[in-house]
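Peer 1: Structure below; questions to follow.
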Amino acid sequence: MPKTAERTVHILLLDDHALFRESVSRLLGAEPGFEVVAHCGTIDEALQVLRRKPIDLVLLDYDLGEQDAREFLRLAKEQGFHEKILVVTAGLDTEAVSELIRSGICGVFRKHDSAGLLAQGIRDVMAGKVWLDQEQLQASVGKSASPPSSAARRFTEREQQVLSFVFEGLANKEIAARIGVSEGSVKSTLQQLFSKTGVRTRSQLVRIVLEQYRDQI
């Protein structure tokens with residue numbers, strides 16, 4: 001029996017370097033299941049695209065000349081965009097990574113990594129994973145991490161179990177298979193974790209747990 005066709009991922013690329021945009025657009029356009037809807041050089045152009053077309057994922061350069069990714073994140077959120085965002089950058093300091101995670105991005109991809117890895121990063125992010133390596137995660141909390149709060153709400157055994165697999169980078173379906181429960185049950189547990197920690201995304205969850213709930217993992 002033939003497999004059901006996977007849903008096409010509609011991608012918007014925002015980068016102020018035309019050659020990079022065109023190269024990545026050609027690369028991703030050749031990947032099955034990807035469609036680069038538009039590639040833009042400015043935040044204003046990108047916001048116009050978001051108003052006109054459905055976008056599943058934004059590939060967002062951090063350094064946009066006189067502006068940067070933080071401005072796009074703020075304006076896109078004000079405009080009602082809440083889909084996935086993967087930051088693509090030549091390099092970021094730990095403070096910038098921390099701020100981006102708090103803003104709700106799904107990960108950070110380094111421009112010096114391979115082209116094939118970018119396609120994998122997009123697929124992982126669309127599957128619900130967080131695209132941050134352990135070095136980035138640890139550096140993003142670093143010396144600024146707060147000690148666990150005595151008032152912090154305790155995680156249940158199931159919540160701790162799901163969290164451990166989130167830290168391994170597993171998607172909901174993979175976590176469900178490991179634990180032996182339904183995917184819906186995993187989603188419900190994640191929603192409980194989001195509620196307890198006051199976050200909306202997996203990347204935010206990872207960071208807040210490392211900062212404030214380190215004694216529970």
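We name chains A, B, ... following the order of the structure tokens; residues begin at 1 in each chain, and ligands are numbered from 1 as shown.
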Sort by chain and increasing residue number a table of all residues of region 69-102 of chain A within 12 Å of region 11-15 of chain A, each with its closest pair of atoms and their distance in Å to one decimal, counting only C-alpha atoms, and write it as CSV.
Peer 2:
```
residue,atom,partner,partner_atom,distance
A:Ala69,CA,A:Leu14,CA,9.3
A:Phe72,CA,A:Leu14,CA,9.5
A:Leu73,CA,A:Leu14,CA,11.7
A:Glu83,CA,A:Ile11,CA,10.6
A:Lys84,CA,A:Ile11,CA,9.8
A:Ile85,CA,A:Leu12,CA,9.5
A:Leu86,CA,A:Leu13,CA,9.9
A:Val87,CA,A:Leu14,CA,9.6
A:Val88,CA,A:Asp15,CA,8.7
A:Thr89,CA,A:Asp15,CA,9.6
A:Ala90,CA,A:Asp15,CA,11.8
```
Peer 1: Could those selected residues go to a file with N, CA and C atoms, as a short mmCIF file (atom, residue, chain, number, x, y, z; two decimals), in the first residue's frame?
Peer 2:
```cif
data_model
loop_
_atom_site.label_atom_id
_atom_site.label_comp_id
_atom_site.auth_asym_id
_atom_site.auth_seq_id
_atom_site.Cartn_x
_atom_site.Cartn_y
_atom_site.Cartn_z
N ALA A 69 17.16 39.80 14.08
CA ALA A 69 16.06 38.84 14.20
C ALA A 69 15.07 39.22 15.30
N PHE A 72 12.21 41.28 13.96
CA PHE A 72 11.25 40.49 13.19
C PHE A 72 10.37 39.67 14.12
N LEU A 73 10.96 39.03 15.12
CA LEU A 73 10.18 38.21 16.05
C LEU A 73 9.10 39.04 16.74
N GLU A 83 3.83 30.43 14.02
CA GLU A 83 4.37 29.18 13.50
C GLU A 83 5.85 29.06 13.88
N LYS A 84 6.53 28.10 13.29
CA LYS A 84 7.89 27.77 13.71
C LYS A 84 8.93 28.70 13.07
N ILE A 85 9.96 29.01 13.85
CA ILE A 85 11.05 29.88 13.39
C ILE A 85 12.39 29.24 13.74
N LEU A 86 13.22 29.08 12.71
CA LEU A 86 14.56 28.54 12.89
C LEU A 86 15.55 29.63 12.50
N VAL A 87 16.35 30.07 13.45
CA VAL A 87 17.33 31.13 13.20
C VAL A 87 18.56 30.52 12.53
N VAL A 88 19.00 31.17 11.45
CA VAL A 88 20.19 30.74 10.71
C VAL A 88 21.23 31.83 10.84
N THR A 89 22.41 31.49 11.35
CA THR A 89 23.37 32.53 11.67
C THR A 89 24.80 32.04 11.54
N ALA A 90 25.71 32.97 11.32
CA ALA A 90 27.14 32.64 11.29
C ALA A 90 27.68 32.44 12.69
#
```
Peer 1: Could you pull out the alpha helix (DSSP H) residues of region 158-195 of chain A, going by DSSP on the backbone, and write them as a short mmCIF file (atom, residue, chain, number, x, y, z; two decimals) with C-alpha atoms, in the first residue's frame?
Peer 2:
```
data_model
loop_
_atom_site.label_atom_id
_atom_site.label_comp_id
_atom_site.auth_asym_id
_atom_site.auth_seq_id
_atom_site.Cartn_x
_atom_site.Cartn_y
_atom_site.Cartn_z
CA ARG A 158 5.41 11.19 34.02
CA GLU A 159 6.35 14.85 33.44
CA GLN A 160 9.96 14.13 34.39
CA GLN A 161 9.95 11.14 32.05
CA VAL A 162 8.66 13.20 29.10
CA LEU A 163 11.11 15.98 29.91
CA SER A 164 14.06 13.60 29.76
CA PHE A 165 13.10 12.63 26.21
CA VAL A 166 12.51 16.26 25.21
CA PHE A 167 16.11 16.92 26.26
CA ASN A 172 6.03 13.44 20.50
CA LYS A 173 5.52 10.26 18.48
CA GLU A 174 8.97 8.96 19.45
CA ILE A 175 8.40 9.80 23.12
CA ALA A 176 5.07 7.99 23.06
CA ALA A 177 6.73 4.87 21.66
CA ARG A 178 9.45 4.95 24.31
CA ILE A 179 7.00 5.34 27.18
CA GLU A 183 0.87 10.52 21.27
CA GLY A 184 -2.11 12.43 22.65
CA SER A 185 -1.03 11.54 26.18
CA VAL A 186 2.44 12.94 25.51
CA LYS A 187 0.91 16.16 24.13
CA SER A 188 -1.23 16.45 27.25
CA THR A 189 1.81 16.02 29.50
CA LEU A 190 3.70 18.68 27.55
CA GLN A 191 0.78 21.08 27.96
CA GLN A 192 0.91 20.45 31.72
CA LEU A 193 4.64 21.26 31.67
CA PHE A 194 4.01 24.43 29.66
CA SER A 195 1.36 25.49 32.17
#
```
Peer 1: Excluding Arg123 (chain A) and residues on its chain fewer than 6 positions from it, collect all residues at most 10 Å away from it, counting only C-alpha atoms, and give them as a ChimeraX atom specification.
Peer 2: /A:9,33-34,117,129
Peer 1: Fewer than 5 positions away in the same chain doesn't count, so skip those; otherwise give me all residues within 12 Å of Arg52 (chain A), counting only C-alpha atoms, as a PyMOL selection string.
Peer 2: chain A and resi 12+37-38+45-47+79+81
Peer 1: Write the residues of the selection above to a file with N, CA and C atoms, as a PDB file, in the first residue's frame.
Peer 2:
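The resulting again17.pdb:
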```pdb
ATOM      1  N   LEU A  12       9.454  30.412   4.433  1.00  0.00           N
ATOM      2  CA  LEU A  12       9.840  31.788   4.117  1.00  0.00           C
ATOM      3  C   LEU A  12      11.273  31.989   4.586  1.00  0.00           C
ATOM      4  N   VAL A  37       8.246  29.479  -0.351  1.00  0.00           N
ATOM      5  CA  VAL A  37       7.185  30.354  -0.837  1.00  0.00           C
ATOM      6  C   VAL A  37       7.750  31.700  -1.272  1.00  0.00           C
ATOM      7  N   ALA A  38       8.723  32.207  -0.500  1.00  0.00           N
ATOM      8  CA  ALA A  38       9.350  33.490  -0.822  1.00  0.00           C
ATOM      9  C   ALA A  38      10.662  33.606  -0.090  1.00  0.00           C
ATOM     10  N   GLU A  45       9.422  43.259   3.889  1.00  0.00           N
ATOM     11  CA  GLU A  45       9.028  42.330   2.830  1.00  0.00           C
ATOM     12  C   GLU A  45       8.514  41.023   3.412  1.00  0.00           C
ATOM     13  N   ALA A  46       9.210  40.522   4.424  1.00  0.00           N
ATOM     14  CA  ALA A  46       8.817  39.256   5.040  1.00  0.00           C
ATOM     15  C   ALA A  46       7.455  39.355   5.717  1.00  0.00           C
ATOM     16  N   LEU A  47       7.210  40.464   6.404  1.00  0.00           N
ATOM     17  CA  LEU A  47       5.917  40.646   7.072  1.00  0.00           C
ATOM     18  C   LEU A  47       4.783  40.713   6.062  1.00  0.00           C
ATOM     19  N   GLN A  79       1.778  40.677  14.635  1.00  0.00           N
ATOM     20  CA  GLN A  79       0.953  40.463  13.443  1.00  0.00           C
ATOM     21  C   GLN A  79       0.154  39.165  13.540  1.00  0.00           C
ATOM     22  N   PHE A  81       1.610  35.948  13.915  1.00  0.00           N
ATOM     23  CA  PHE A  81       2.307  34.772  13.409  1.00  0.00           C
ATOM     24  C   PHE A  81       2.845  33.965  14.577  1.00  0.00           C
TER      25      PHE A  81
END
```
Peer 1: Please provide as an MDAnalysis selection string all residues within 12 Å of Ala96 (chain A), with the sequence filter that same-chain residues fewer than 2 positions apart are discarded (counting only C-alpha atoms).
Peer 2: chainID A and resid 62:63 68:70 87 89 91:94 98:103 105 108 136 139:141
Peer 1: Please give the complete set of residues from region 63-128 of chain A that DSSP, run on the backbone, assigns to strand (DSSP E), formatted as a list in words.
Peer 2: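 Restricting region 63-128 of chain A to strand (DSSP E) produces Asp63, Leu64, Gln67, Asp68, Lys84, Ile85, Leu86, Val87, Val88, Thr89, Gly107, Val108, Phe109 and Arg110 of chain A.
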Peer 1: Go ahead and write the selection's residues with C-alpha atoms as a PDB file, in the first residue's frame.
Peer 2:
```
ATOM      1  CA  ASP A  63      21.951  39.898  11.445  1.00  0.00           C
ATOM      2  CA  LEU A  64      19.744  41.849   9.034  1.00  0.00           C
ATOM      3  CA  GLN A  67      17.946  45.412  12.159  1.00  0.00           C
ATOM      4  CA  ASP A  68      18.171  41.922  13.575  1.00  0.00           C
ATOM      5  CA  LYS A  84       7.893  27.770  13.714  1.00  0.00           C
ATOM      6  CA  ILE A  85      11.047  29.884  13.386  1.00  0.00           C
ATOM      7  CA  LEU A  86      14.561  28.543  12.886  1.00  0.00           C
ATOM      8  CA  VAL A  87      17.330  31.126  13.204  1.00  0.00           C
ATOM      9  CA  VAL A  88      20.186  30.735  10.709  1.00  0.00           C
ATOM     10  CA  THR A  89      23.374  32.531  11.672  1.00  0.00           C
ATOM     11  CA  GLY A 107      16.331  26.410  17.237  1.00  0.00           C
ATOM     12  CA  VAL A 108      19.554  27.895  15.909  1.00  0.00           C
ATOM     13  CA  PHE A 109      21.271  26.591  12.759  1.00  0.00           C
ATOM     14  CA  ARG A 110      24.868  27.583  12.086  1.00  0.00           C
TER      15      ARG A 110
END
```
Peer 1: Quick one: residues within 9 Å of Ala18 (chain A), only C-alpha atoms, excluding same-chain residues fewer than 5 positions away - as a ChimeraX atom specification?
Peer 2: /A:23,39-41
Peer 1: So which one's closest to Ala76 (chain A), A:Asp56, A:Glu95, A:Asp16, A:Asp44? Using only C-alpha atoms, please.
Peer 2: A:Asp44
Peer 1: Quick one: distance from CA of Arg202 (chain A) to CA of Phe20 (chain A) in Å, one decimal?
Peer 2: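 It comes out at 28.5 Å.
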Peer 1: So, counting only C-alpha atoms, which residue among A:Arg7, A:Leu118, A:Ser203, A:Ile55 is closest to Ser25 (chain A)?
Peer 2: A:Leu118
Peer 1: Which one is closest to Pro54 (chain A): A:His82, A:Lys111, A:Arg26, A:Arg154? Count only C-alpha atoms.
Peer 2: A:His82
